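Student: Below is the file work.csv, which contains CSV, C-alpha atoms.
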chain,number,residue,atom,x,y,z
A,1,MET,CA,-13.7,6.7,-22.0
A,2,THR,CA,-13.9,4.2,-19.2
A,3,GLY,CA,-13.5,5.3,-15.6
A,4,THR,CA,-13.8,3.7,-12.2
A,5,ALA,CA,-17.2,5.3,-11.7
A,6,ASP,CA,-18.5,3.3,-14.7
A,7,LEU,CA,-18.0,-0.1,-13.0
A,8,ARG,CA,-21.3,-1.8,-12.1
A,9,ALA,CA,-22.0,-2.4,-8.4
A,10,ASP,CA,-21.9,-6.2,-8.9
A,11,ASP,CA,-18.7,-6.2,-10.8
A,12,PRO,CA,-15.8,-7.8,-8.9
A,13,ALA,CA,-13.7,-4.8,-10.0
A,14,ARG,CA,-16.1,-2.5,-8.1
A,15,GLY,CA,-15.6,-4.7,-5.0
A,16,THR,CA,-11.8,-4.2,-5.3
A,17,LEU,CA,-12.2,-0.4,-5.2
A,18,ASP,CA,-14.6,-0.7,-2.2
A,19,LYS,CA,-11.6,-1.9,-0.2
A,20,ALA,CA,-10.3,1.6,-0.1
A,21,ALA,CA,-12.5,2.2,3.0
A,22,ASP,CA,-10.4,-0.3,4.9
A,23,GLU,CA,-7.1,1.4,4.4
A,24,ASN,CA,-5.2,3.2,7.1
A,25,PHE,CA,-5.4,6.5,5.2
A,26,PRO,CA,-7.9,8.2,2.9
A,27,VAL,CA,-7.3,7.1,-0.7
A,28,ALA,CA,-9.2,9.8,-2.7
A,29,PRO,CA,-11.1,12.1,-0.3
A,30,PHE,CA,-14.0,14.3,-1.4
A,31,PHE,CA,-12.1,17.6,-1.0
A,32,LEU,CA,-9.8,16.8,-3.9
A,33,PRO,CA,-10.5,18.0,-7.5
A,34,ARG,CA,-12.6,15.4,-9.4
A,35,ALA,CA,-9.8,14.7,-11.9
A,36,TRP,CA,-7.4,13.9,-9.1
A,37,ARG,CA,-9.9,11.6,-7.3
A,38,ASP,CA,-10.6,9.7,-10.5
A,39,ASP,CA,-7.0,9.1,-11.2
A,40,LEU,CA,-6.1,8.3,-7.6
A,41,MET,CA,-8.9,5.7,-7.6
A,42,ALA,CA,-7.7,4.2,-10.9
A,43,VAL,CA,-4.2,3.8,-9.4
A,44,TYR,CA,-5.6,2.4,-6.2
A,45,GLY,CA,-7.7,-0.1,-8.1
A,46,TYR,CA,-4.6,-1.3,-9.9
A,47,ALA,CA,-2.5,-1.5,-6.7
A,48,ARG,CA,-5.3,-3.3,-4.7
A,49,LEU,CA,-5.9,-5.8,-7.5
A,50,VAL,CA,-2.3,-6.7,-7.9
A,51,ASP,CA,-2.1,-7.2,-4.1
A,52,ASP,CA,-5.2,-9.4,-4.2
A,53,ILE,CA,-3.7,-11.5,-6.9
A,54,GLY,CA,-0.5,-11.9,-4.9
A,55,ASP,CA,-2.4,-12.7,-1.7
A,56,GLY,CA,-5.0,-15.0,-3.3
A,57,ASP,CA,-7.8,-12.7,-2.3
A,58,LEU,CA,-9.6,-12.3,-5.6
A,59,ALA,CA,-13.4,-12.3,-5.6
A,60,PRO,CA,-14.9,-15.8,-5.9
A,61,GLY,CA,-16.1,-16.9,-9.3
A,62,GLY,CA,-13.0,-16.4,-11.4
A,63,ALA,CA,-14.1,-13.2,-13.1
A,64,ASP,CA,-10.7,-11.5,-12.7
A,65,ALA,CA,-8.9,-14.5,-14.3
A,66,ARG,CA,-11.4,-14.5,-17.2
A,67,HIS,CA,-10.9,-10.8,-17.7
A,68,LEU,CA,-7.1,-11.4,-17.9
A,69,GLY,CA,-7.5,-14.3,-20.4
A,70,VAL,CA,-6.4,-17.0,-17.8
A,71,GLY,CA,-8.2,-20.3,-18.2
A,72,PRO,CA,-9.8,-22.2,-15.3
A,73,ASP,CA,-6.8,-24.6,-15.2
A,74,LEU,CA,-4.5,-21.7,-14.1
A,75,ALA,CA,-7.0,-19.5,-12.3
A,76,GLY,CA,-5.5,-20.5,-9.0
A,77,ASP,CA,-1.9,-20.0,-10.1
A,78,ARG,CA,-0.8,-16.6,-8.7
A,79,LEU,CA,2.4,-16.4,-10.8
A,80,ALA,CA,0.4,-17.1,-14.0
A,81,LEU,CA,-2.2,-14.5,-13.0
A,82,LEU,CA,0.6,-11.9,-12.3
A,83,ASP,CA,2.1,-12.7,-15.8
A,84,ALA,CA,-1.2,-12.1,-17.4
A,85,PHE,CA,-1.7,-9.0,-15.4
A,86,GLU,CA,1.7,-7.6,-16.5
A,87,ALA,CA,0.8,-8.4,-20.1
A,88,ASP,CA,-2.5,-6.4,-19.7
A,89,LEU,CA,-0.5,-3.6,-18.1
A,90,ARG,CA,1.6,-3.3,-21.2
A,91,ARG,CA,-1.7,-2.7,-23.1
A,92,VAL,CA,-2.3,0.3,-20.8
A,93,PHE,CA,0.8,2.0,-22.1
A,94,ASP,CA,0.4,1.0,-25.8
A,95,LEU,CA,-2.2,3.6,-26.5
A,96,SER,CA,-2.3,2.8,-30.2
A,97,GLY,CA,-2.9,-1.0,-29.5
A,98,ASP,CA,-5.7,-3.1,-28.1
A,99,ALA,CA,-7.5,-1.9,-25.0
A,100,PRO,CA,-6.6,-3.7,-21.8
A,101,ARG,CA,-8.8,-6.7,-20.9
A,102,HIS,CA,-9.4,-6.1,-17.2
A,103,PRO,CA,-11.9,-3.2,-16.4
A,104,LEU,CA,-9.6,-1.8,-13.7
A,105,LEU,CA,-6.8,-1.6,-16.2
A,106,ARG,CA,-9.1,0.0,-18.8
A,107,ALA,CA,-9.9,2.6,-16.2
A,108,LEU,CA,-6.2,3.2,-15.6
A,109,ARG,CA,-5.5,4.0,-19.2
A,110,PRO,CA,-6.9,7.5,-19.2
A,111,ALA,CA,-5.0,8.4,-16.0
A,112,VAL,CA,-1.8,7.2,-17.6
A,113,ALA,CA,-2.4,9.3,-20.7
A,114,ARG,CA,-3.5,12.4,-18.8
A,115,ARG,CA,-0.6,12.4,-16.3
A,116,SER,CA,2.2,10.9,-18.5
A,117,LEU,CA,2.8,8.2,-16.0
A,118,THR,CA,5.6,5.7,-16.7
A,119,PRO,CA,5.4,1.9,-16.4
A,120,GLU,CA,8.1,1.6,-13.7
A,121,PRO,CA,6.0,2.2,-10.5
A,122,PHE,CA,3.3,-0.2,-11.8
A,123,LEU,CA,5.9,-2.9,-12.6
A,124,GLY,CA,7.4,-2.5,-9.2
A,125,LEU,CA,4.1,-3.5,-7.6
A,126,ILE,CA,3.9,-6.6,-9.7
A,127,ALA,CA,7.5,-7.4,-8.9
A,128,ALA,CA,6.7,-7.2,-5.2
A,129,ASN,CA,3.9,-9.6,-5.5
A,130,ARG,CA,6.0,-12.0,-7.5
A,131,GLN,CA,8.5,-11.8,-4.7
A,132,ASP,CA,5.8,-12.6,-2.2
A,133,GLN,CA,5.3,-16.0,-3.9
A,134,LEU,CA,9.0,-16.8,-3.6
A,135,VAL,CA,10.3,-15.0,-0.5
A,136,ARG,CA,8.4,-15.6,2.8
A,137,ARG,CA,11.0,-14.4,5.4
A,138,TYR,CA,13.3,-11.4,5.6
A,139,GLU,CA,16.7,-11.8,7.3
A,140,THR,CA,17.5,-8.2,7.9
A,141,TYR,CA,15.8,-4.8,8.1
A,142,GLU,CA,17.6,-3.8,5.0
A,143,ASP,CA,16.1,-6.7,3.2
A,144,LEU,CA,12.7,-5.5,4.3
A,145,LEU,CA,13.4,-2.0,3.1
A,146,ALA,CA,14.4,-3.3,-0.3
A,147,TYR,CA,11.0,-5.2,-0.5
A,148,CYS,CA,9.2,-1.9,0.5
A,149,GLU,CA,11.0,-0.2,-2.4
A,150,LEU,CA,8.9,-2.4,-4.7
A,151,SER,CA,5.7,-2.9,-2.6
A,152,ALA,CA,5.0,0.5,-1.2
A,153,ASN,CA,7.2,3.3,-2.5
A,154,PRO,CA,5.7,3.2,-6.1
A,155,VAL,CA,2.3,4.3,-4.7
A,156,GLY,CA,3.7,7.6,-3.3
A,157,ARG,CA,5.6,8.2,-6.5
A,158,LEU,CA,2.3,7.8,-8.5
A,159,VAL,CA,0.5,10.2,-6.2
A,160,LEU,CA,3.2,12.8,-6.8
A,161,GLY,CA,3.0,12.1,-10.5
A,162,ILE,CA,-0.8,12.5,-10.6
A,163,THR,CA,-0.6,15.8,-8.8
A,164,GLY,CA,2.3,17.0,-10.8
A,165,THR,CA,4.4,17.7,-7.8
A,166,ALA,CA,7.4,15.3,-8.0
A,167,SER,CA,10.8,16.6,-7.1
A,168,PRO,CA,13.9,14.7,-5.9
A,169,GLU,CA,13.4,15.8,-2.2
A,170,ARG,CA,9.7,15.1,-2.3
A,171,LEU,CA,10.3,11.6,-3.8
A,172,ARG,CA,12.8,10.9,-1.1
A,173,ARG,CA,10.4,11.9,1.7
A,174,SER,CA,7.5,10.1,0.0
A,175,ASP,CA,9.5,6.9,-0.2
A,176,ALA,CA,10.2,7.1,3.6
A,177,VAL,CA,6.5,7.7,4.3
A,178,CYS,CA,5.3,4.8,2.1
A,179,THR,CA,7.9,2.5,3.6
A,180,GLY,CA,6.7,3.5,7.1
A,181,LEU,CA,3.1,2.9,6.1
A,182,GLN,CA,4.0,-0.5,4.8
A,183,ILE,CA,5.8,-1.5,8.0
A,184,VAL,CA,2.8,-0.3,10.0
A,185,GLU,CA,0.5,-2.5,7.9
A,186,HIS,CA,2.9,-5.5,8.5
A,187,LEU,CA,2.7,-4.9,12.2
A,188,GLN,CA,-1.0,-4.8,12.2
A,189,ASP,CA,-1.2,-8.0,10.1
A,190,VAL,CA,1.4,-10.2,11.8
A,191,ALA,CA,-1.1,-13.0,12.6
A,192,GLU,CA,-2.9,-12.8,9.2
A,193,ASP,CA,0.4,-12.9,7.3
A,194,LEU,CA,1.5,-15.9,9.3
A,195,THR,CA,-1.5,-17.8,8.1
A,196,ARG,CA,-0.1,-17.3,4.6
A,197,ASP,CA,3.3,-18.5,5.8
A,198,ARG,CA,4.7,-15.0,5.5
A,199,ILE,CA,6.7,-13.1,8.2
A,200,TYR,CA,7.7,-9.5,7.6
A,201,LEU,CA,9.4,-9.0,11.0
A,202,PRO,CA,13.2,-9.2,10.3
A,203,ALA,CA,14.7,-12.5,11.4
A,204,GLU,CA,17.6,-10.8,13.0
A,205,ASP,CA,15.3,-8.7,15.2
A,206,MET,CA,13.3,-11.8,16.2
A,207,LYS,CA,16.6,-13.4,17.3
A,208,ARG,CA,17.5,-10.3,19.2
A,209,PHE,CA,14.2,-10.4,21.1
A,210,HIS,CA,14.4,-14.2,21.5
A,211,ILE,CA,11.2,-14.8,19.6
A,212,THR,CA,10.3,-17.9,17.6
A,213,GLU,CA,7.7,-18.3,14.9
A,214,ALA,CA,5.6,-20.3,17.4
A,215,ASP,CA,5.4,-17.1,19.6
A,216,LEU,CA,3.8,-15.3,16.6
A,217,ALA,CA,1.2,-18.1,16.3
A,218,ALA,CA,0.0,-17.7,19.9
A,219,PRO,CA,-3.5,-16.2,20.6
A,220,THR,CA,-2.0,-13.2,22.4
A,221,ALA,CA,1.5,-11.7,22.4
A,222,GLY,CA,4.0,-12.3,25.2
A,223,ALA,CA,6.2,-9.6,26.6
A,224,SER,CA,9.0,-10.3,24.1
A,225,VAL,CA,6.7,-10.1,21.1
A,226,ARG,CA,5.2,-6.9,22.4
A,227,ALA,CA,8.7,-5.4,22.8
A,228,LEU,CA,9.6,-6.4,19.2
A,229,ILE,CA,6.4,-4.8,17.9
A,230,ALA,CA,7.2,-1.6,19.9
A,231,TYR,CA,10.7,-1.6,18.4
A,232,GLU,CA,9.5,-1.9,14.8
A,233,ALA,CA,6.8,0.6,15.5
A,234,GLN,CA,9.4,3.2,16.5
A,235,ARG,CA,11.2,2.6,13.3
A,236,ALA,CA,8.0,3.2,11.3
A,237,ARG,CA,7.3,6.4,13.3
A,238,ALA,CA,10.8,7.7,12.4
A,239,LEU,CA,10.0,7.1,8.7
A,240,LEU,CA,6.6,8.7,9.0
A,241,ASP,CA,8.2,11.8,10.5
A,242,GLU,CA,9.8,12.5,7.1
A,243,GLY,CA,6.3,13.2,6.0
A,244,VAL,CA,6.1,16.5,8.0
A,245,GLY,CA,8.6,18.0,5.6
A,246,LEU,CA,6.7,16.5,2.6
A,247,VAL,CA,3.4,17.9,3.8
A,248,GLY,CA,5.0,21.3,4.4
A,249,SER,CA,6.4,21.5,0.9
A,250,VAL,CA,3.0,21.6,-0.8
A,251,ASP,CA,-0.1,23.7,-0.5
A,252,GLY,CA,-3.8,23.6,-0.6
A,253,ARG,CA,-5.8,20.4,-0.9
A,254,LEU,CA,-2.7,18.3,-1.7
A,255,ARG,CA,-1.2,19.3,1.7
A,256,LEU,CA,-4.4,18.0,3.4
A,257,LEU,CA,-4.2,14.7,1.3
A,258,LEU,CA,-0.6,14.1,2.2
A,259,ALA,CA,-1.3,14.9,5.9
A,260,GLY,CA,-4.0,12.3,5.7
A,261,PHE,CA,-1.5,9.7,4.6
A,262,VAL,CA,1.0,10.5,7.3
A,263,GLY,CA,-1.7,11.0,9.9
A,264,GLY,CA,-3.3,7.7,9.0
A,265,GLY,CA,0.0,5.9,9.7
A,266,ARG,CA,0.5,7.7,13.0
A,267,ALA,CA,-3.1,6.9,14.0
A,268,ALA,CA,-2.5,3.2,13.2
A,269,LEU,CA,0.6,3.3,15.4
A,270,ALA,CA,-1.4,4.9,18.2
A,271,ALA,CA,-3.9,2.0,17.9
A,272,ILE,CA,-1.1,-0.5,18.1
A,273,ALA,CA,0.3,1.2,21.2
A,274,ALA,CA,-3.2,1.4,22.7
A,275,ALA,CA,-3.5,-2.4,22.3
A,276,GLY,CA,-0.3,-2.8,24.4
A,277,HIS,CA,1.5,-3.7,21.2
A,278,ASP,CA,-0.4,-7.0,21.2
A,279,VAL,CA,-1.3,-7.4,17.5
A,280,LEU,CA,-2.0,-11.1,17.6
A,281,PRO,CA,-5.7,-11.3,18.6
A,282,ALA,CA,-6.8,-8.9,15.8
A,283,PRO,CA,-5.2,-6.1,13.8
A,284,PRO,CA,-5.4,-2.9,15.8
A,285,ARG,CA,-7.3,-0.2,13.8
A,286,ALA,CA,-7.4,3.5,14.3
A,287,THR,CA,-10.7,5.3,15.1
A,288,ARG,CA,-11.8,8.1,12.9
A,289,PRO,CA,-11.4,10.7,15.8
A,290,ARG,CA,-7.9,9.5,16.3
A,291,LEU,CA,-7.2,9.8,12.6
A,292,LEU,CA,-8.5,13.4,12.5
A,293,ARG,CA,-6.4,14.3,15.6
A,294,GLU,CA,-3.2,12.9,14.0
A,295,VAL,CA,-3.9,14.7,10.7
A,296,GLY,CA,-4.3,18.0,12.7
A,297,THR,CA,-1.0,17.3,14.5
A,298,VAL,CA,0.8,16.7,11.2
A,299,LEU,CA,-0.6,19.9,9.7
A,300,ARG,CA,0.4,22.0,12.7
A,301,ARG,CA,3.9,20.6,12.7
A,302,ALA,CA,4.2,21.2,9.0
A,303,ARG,CA,3.3,24.9,9.5
A,304,ARG,CA,5.7,25.3,12.3
A,305,GLU,CA,8.6,23.7,10.5
A,306,GLY,CA,7.8,25.0,7.0
In structure tokens, what does this structure look like?

Tutor:
Amino acid sequence: MTGTADLRADDPARGTLDKAADENFPVAPFFLPRAWRDDLMAVYGYARLVDDIGDGDLAPGGADARHLGVGPDLAGDRLALLDAFEADLRRVFDLSGDAPRHPLLRALRPAVARRSLTPEPFLGLIAANRQDQLVRRYETYEDLLAYCELSANPVGRLVLGITGTASPERLRRSDAVCTGLQIVEHLQDVAEDLTRDRIYLPAEDMKRFHITEADLAAPTAGASVRALIAYEAQRARALLDEGVGLVGSVDGRLRLLLAGFVGGGRAALAAIAAAGHDVLPAPPRATRPRLLREVGTVLRRARREG
């Protein structure tokens, strides 16, 4: 049985997993049961790889394309790679058929079988990355929320599936938290996204704050851009606040994991605020002490409100 721990250190797939250290929240912390950690890392590897395909951030050398059976002539075609990736995902769920070709998808197969995971969340992440190739601006906040339904919310649903704790109310709160985390990431990465000709700030909000795309390309943010970032950050904070009830609805180590997700988002928002909401020079990142303080705050609130 292949797992993420079996990947060689020089395998590009191993490099994909190593990106977990750069996330705003702990992906599979040490205090979780080993089986949960393995399955969470398998899901993370899948989600990170599909995002890297969509962003054009695959490791150099073309190993991922070769794993997926994509020839050199199409190795730079993101839509072709996403199509091949979806075909390999189908092999994950066809347990009686051929094994998946990509090592990260082979590592995902045992988790799918153990947890009885369904294809829908995984397909949603592929759909989001296909959308990224075709849609580069979002007119309204509602349009952005619909995108997050594909790009972010499946991850929380998979976490609840792996831990066997899904319920309608937890799924609702998880969706809010994941959307909030996605918006926070968009705020951190405004400048980087613009280099890819993508803007995740709603156009209607940019108009409201009298901001043009040229303003987002400046070395530092002017007062109007900072005001817009503060406005969107408040929206993200309101979504993350739904996580207090989610954290309070579970016990033990899962409570600490979910508090880490929510606290990670809150810590990233604190870093944005500490930068004066100027996200253009570089993405504001939370310090570990700030992350720990925010996790503690979430846990205390969950106990009081539980």

Student: Could you list as a list in words every residue that has an atom within 10 Å of (5.8, 3.3, 9.5), using the file's coordinates and counting only C-alpha atoms?

Tutor: Ala176, Val177, Cys178, Thr179, Gly180, Leu181, Gln182, Ile183, Val184, Glu185, His186, Leu187, Glu232, Ala233, Gln234, Arg235, Ala236, Arg237, Ala238, Leu239, Leu240, Asp241, Val262, Gly265, Arg266, Ala268 and Leu269 of chain A

Student: Within 12 Å of Asp251 of chain A, counting all atoms listed in the file, which residues show up once you throw out same-chain ones fewer than 5 positions away? Write them as a VMD selection string, please.

Tutor: chain A and resid 163 165 246 256 to 259 299 302 to 303 306

Student: Keeping only C-alpha atoms, write the selected residues to a file as an mmCIF file, keeping the file's coordinate frame.

Tutor:
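And here is the file that came out, out25.cif:
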data_model
loop_
_atom_site.group_PDB
_atom_site.id
_atom_site.type_symbol
_atom_site.label_atom_id
_atom_site.label_comp_id
_atom_site.auth_asym_id
_atom_site.auth_seq_id
_atom_site.Cartn_x
_atom_site.Cartn_y
_atom_site.Cartn_z
ATOM 1 C CA THR A 163 -0.600 15.800 -8.800
ATOM 2 C CA THR A 165 4.400 17.700 -7.800
ATOM 3 C CA LEU A 246 6.700 16.500 2.600
ATOM 4 C CA LEU A 256 -4.400 18.000 3.400
ATOM 5 C CA LEU A 257 -4.200 14.700 1.300
ATOM 6 C CA LEU A 258 -0.600 14.100 2.200
ATOM 7 C CA ALA A 259 -1.300 14.900 5.900
ATOM 8 C CA LEU A 299 -0.600 19.900 9.700
ATOM 9 C CA ALA A 302 4.200 21.200 9.000
ATOM 10 C CA ARG A 303 3.300 24.900 9.500
ATOM 11 C CA GLY A 306 7.800 25.000 7.000
#

Student: What lies within 12 Å of segment 193-203 of chain A using only C-alpha atoms, ignoring chain neighbours under 4 positions off, as JSON, numbers by chain?

Tutor: {"A": [54, 55, 56, 57, 131, 132, 133, 134, 135, 136, 137, 138, 139, 140, 141, 142, 143, 144, 145, 147, 148, 182, 183, 184, 185, 186, 187, 188, 189, 207, 208, 209, 210, 211, 212, 213, 214, 215, 216, 217, 218, 225, 228, 229, 230, 231, 232, 233, 235, 279, 280, 282, 283]}

Student: At a cut-off of 8 Å from (1.0, -11.4, -11.6) in the coordinates of the file, what residues are picked up using only C-alpha atoms, written as a VMD selection string?

Tutor: chain A and resid 50 53 to 54 78 to 86 126 129 to 130

Student: Looking at A:Leu32, A:Ala59, A:Leu291, A:Leu158, which one is nearest to Arg115 of chain A, with distances taken over all atoms listed in the file?

Tutor: A:Leu158

Student: Taking only C-alpha atoms into account, which of A:Gly276, A:Gly164, A:Pro100, A:Gly248 comes nearest Ala87 of chain A?

Tutor: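 Under the stated criterion, the closest residue is A:Pro100.
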
Student: Can you measure atom CA of Glu294 of chain A to atom CA of Val247 of chain A for me? One decimal in Å is fine.

Tutor: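 Atom CA of Glu294 of chain A sits 13.1 Å away from atom CA of Val247 of chain A.
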
Student: Pick the closest to Leu104 of chain A from A:Leu49, A:Leu125, A:Leu40, A:Leu254: which is it, counting only C-alpha atoms?

Tutor: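 Checking each of A:Leu49, A:Leu125, A:Leu40, A:Leu254 against Leu104 of chain A, counting only C-alpha atoms, the winner is A:Leu49.
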
Student: Pick from A:Ala286, A:Leu95, A:Val295, A:Val155: nearest to Arg48 of chain A, with all atoms listed in the file counted?

Tutor: A:Val155

Student: Could you please determine the separation between atom CA of Asn153 of chain A and atom CA of Gly245 of chain A in Å, to one decimal place?

Tutor: 16.8 Å

Student: Starting from the incomplete input, reconstruct N, CA and C atoms of segment 236-266 of chain A and write that as a compact mmCIF listing (two decimals), in the frame of the given file.

Tutor:
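This went into result07.txt:
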# COMPACT_ATOMS: atom_id res chain seq x y z
N ALA A 236 9.02 2.65 12.25
CA ALA A 236 8.00 3.20 11.30
C ALA A 236 7.69 4.62 11.63
N ARG A 237 7.61 4.98 12.91
CA ARG A 237 7.30 6.40 13.30
C ARG A 237 8.41 7.32 12.77
N ALA A 238 9.67 6.90 12.87
CA ALA A 238 10.80 7.70 12.40
C ALA A 238 10.64 7.97 10.88
N LEU A 239 10.23 6.95 10.14
CA LEU A 239 10.00 7.10 8.70
C LEU A 239 8.85 8.03 8.42
N LEU A 240 7.76 7.87 9.16
CA LEU A 240 6.60 8.70 9.00
C LEU A 240 6.91 10.19 9.27
N ASP A 241 7.85 10.42 10.18
CA ASP A 241 8.20 11.80 10.50
C ASP A 241 8.79 12.55 9.32
N GLU A 242 9.33 11.82 8.35
CA GLU A 242 9.80 12.50 7.10
C GLU A 242 8.63 13.13 6.39
N GLY A 243 7.42 12.67 6.69
CA GLY A 243 6.30 13.20 6.00
C GLY A 243 5.92 14.63 6.41
N VAL A 244 6.40 15.07 7.56
CA VAL A 244 6.10 16.50 8.00
C VAL A 244 6.70 17.43 6.96
N GLY A 245 7.95 17.17 6.56
CA GLY A 245 8.60 18.00 5.60
C GLY A 245 7.90 17.91 4.20
N LEU A 246 7.43 16.71 3.87
CA LEU A 246 6.70 16.50 2.60
C LEU A 246 5.41 17.31 2.60
N VAL A 247 4.65 17.21 3.68
CA VAL A 247 3.40 17.90 3.80
C VAL A 247 3.64 19.45 3.72
N GLY A 248 4.69 19.90 4.40
CA GLY A 248 5.00 21.30 4.40
C GLY A 248 5.48 21.88 3.10
N SER A 249 5.87 21.00 2.18
CA SER A 249 6.40 21.50 0.90
C SER A 249 5.37 21.71 -0.17
N VAL A 250 4.11 21.37 0.14
CA VAL A 250 3.00 21.60 -0.80
C VAL A 250 1.94 22.43 -0.20
N ASP A 251 0.98 22.84 -1.00
CA ASP A 251 -0.10 23.70 -0.50
C ASP A 251 -1.44 23.18 -0.80
N GLY A 252 -2.43 23.85 -0.25
CA GLY A 252 -3.80 23.60 -0.60
C GLY A 252 -4.29 22.20 -0.25
N ARG A 253 -5.13 21.68 -1.15
CA ARG A 253 -5.80 20.40 -0.90
C ARG A 253 -4.76 19.24 -0.93
N LEU A 254 -3.69 19.40 -1.68
CA LEU A 254 -2.70 18.30 -1.70
C LEU A 254 -2.02 18.24 -0.32
N ARG A 255 -1.82 19.37 0.35
CA ARG A 255 -1.20 19.30 1.70
C ARG A 255 -2.14 18.52 2.63
N LEU A 256 -3.45 18.71 2.50
CA LEU A 256 -4.40 18.00 3.40
C LEU A 256 -4.36 16.47 3.00
N LEU A 257 -4.28 16.13 1.73
CA LEU A 257 -4.20 14.70 1.30
C LEU A 257 -2.98 14.04 1.90
N LEU A 258 -1.82 14.67 1.74
CA LEU A 258 -0.60 14.10 2.20
C LEU A 258 -0.58 13.98 3.76
N ALA A 259 -1.17 14.98 4.41
CA ALA A 259 -1.30 14.90 5.90
C ALA A 259 -2.19 13.74 6.26
N GLY A 260 -3.17 13.41 5.42
CA GLY A 260 -4.00 12.30 5.70
C GLY A 260 -3.24 10.96 5.61
N PHE A 261 -2.30 10.85 4.65
CA PHE A 261 -1.50 9.70 4.60
C PHE A 261 -0.61 9.51 5.83
N VAL A 262 0.08 10.60 6.16
CA VAL A 262 1.00 10.50 7.30
C VAL A 262 0.18 10.36 8.61
N GLY A 263 -0.90 11.12 8.75
CA GLY A 263 -1.70 11.00 9.90
C GLY A 263 -2.36 9.62 10.07
N GLY A 264 -2.71 9.01 8.94
CA GLY A 264 -3.30 7.70 9.00
C GLY A 264 -2.27 6.66 9.55
N GLY A 265 -1.02 6.79 9.14
CA GLY A 265 0.00 5.90 9.70
C GLY A 265 0.24 6.14 11.17
N ARG A 266 0.26 7.41 11.57
CA ARG A 266 0.50 7.70 13.00
C ARG A 266 -0.73 7.24 13.82
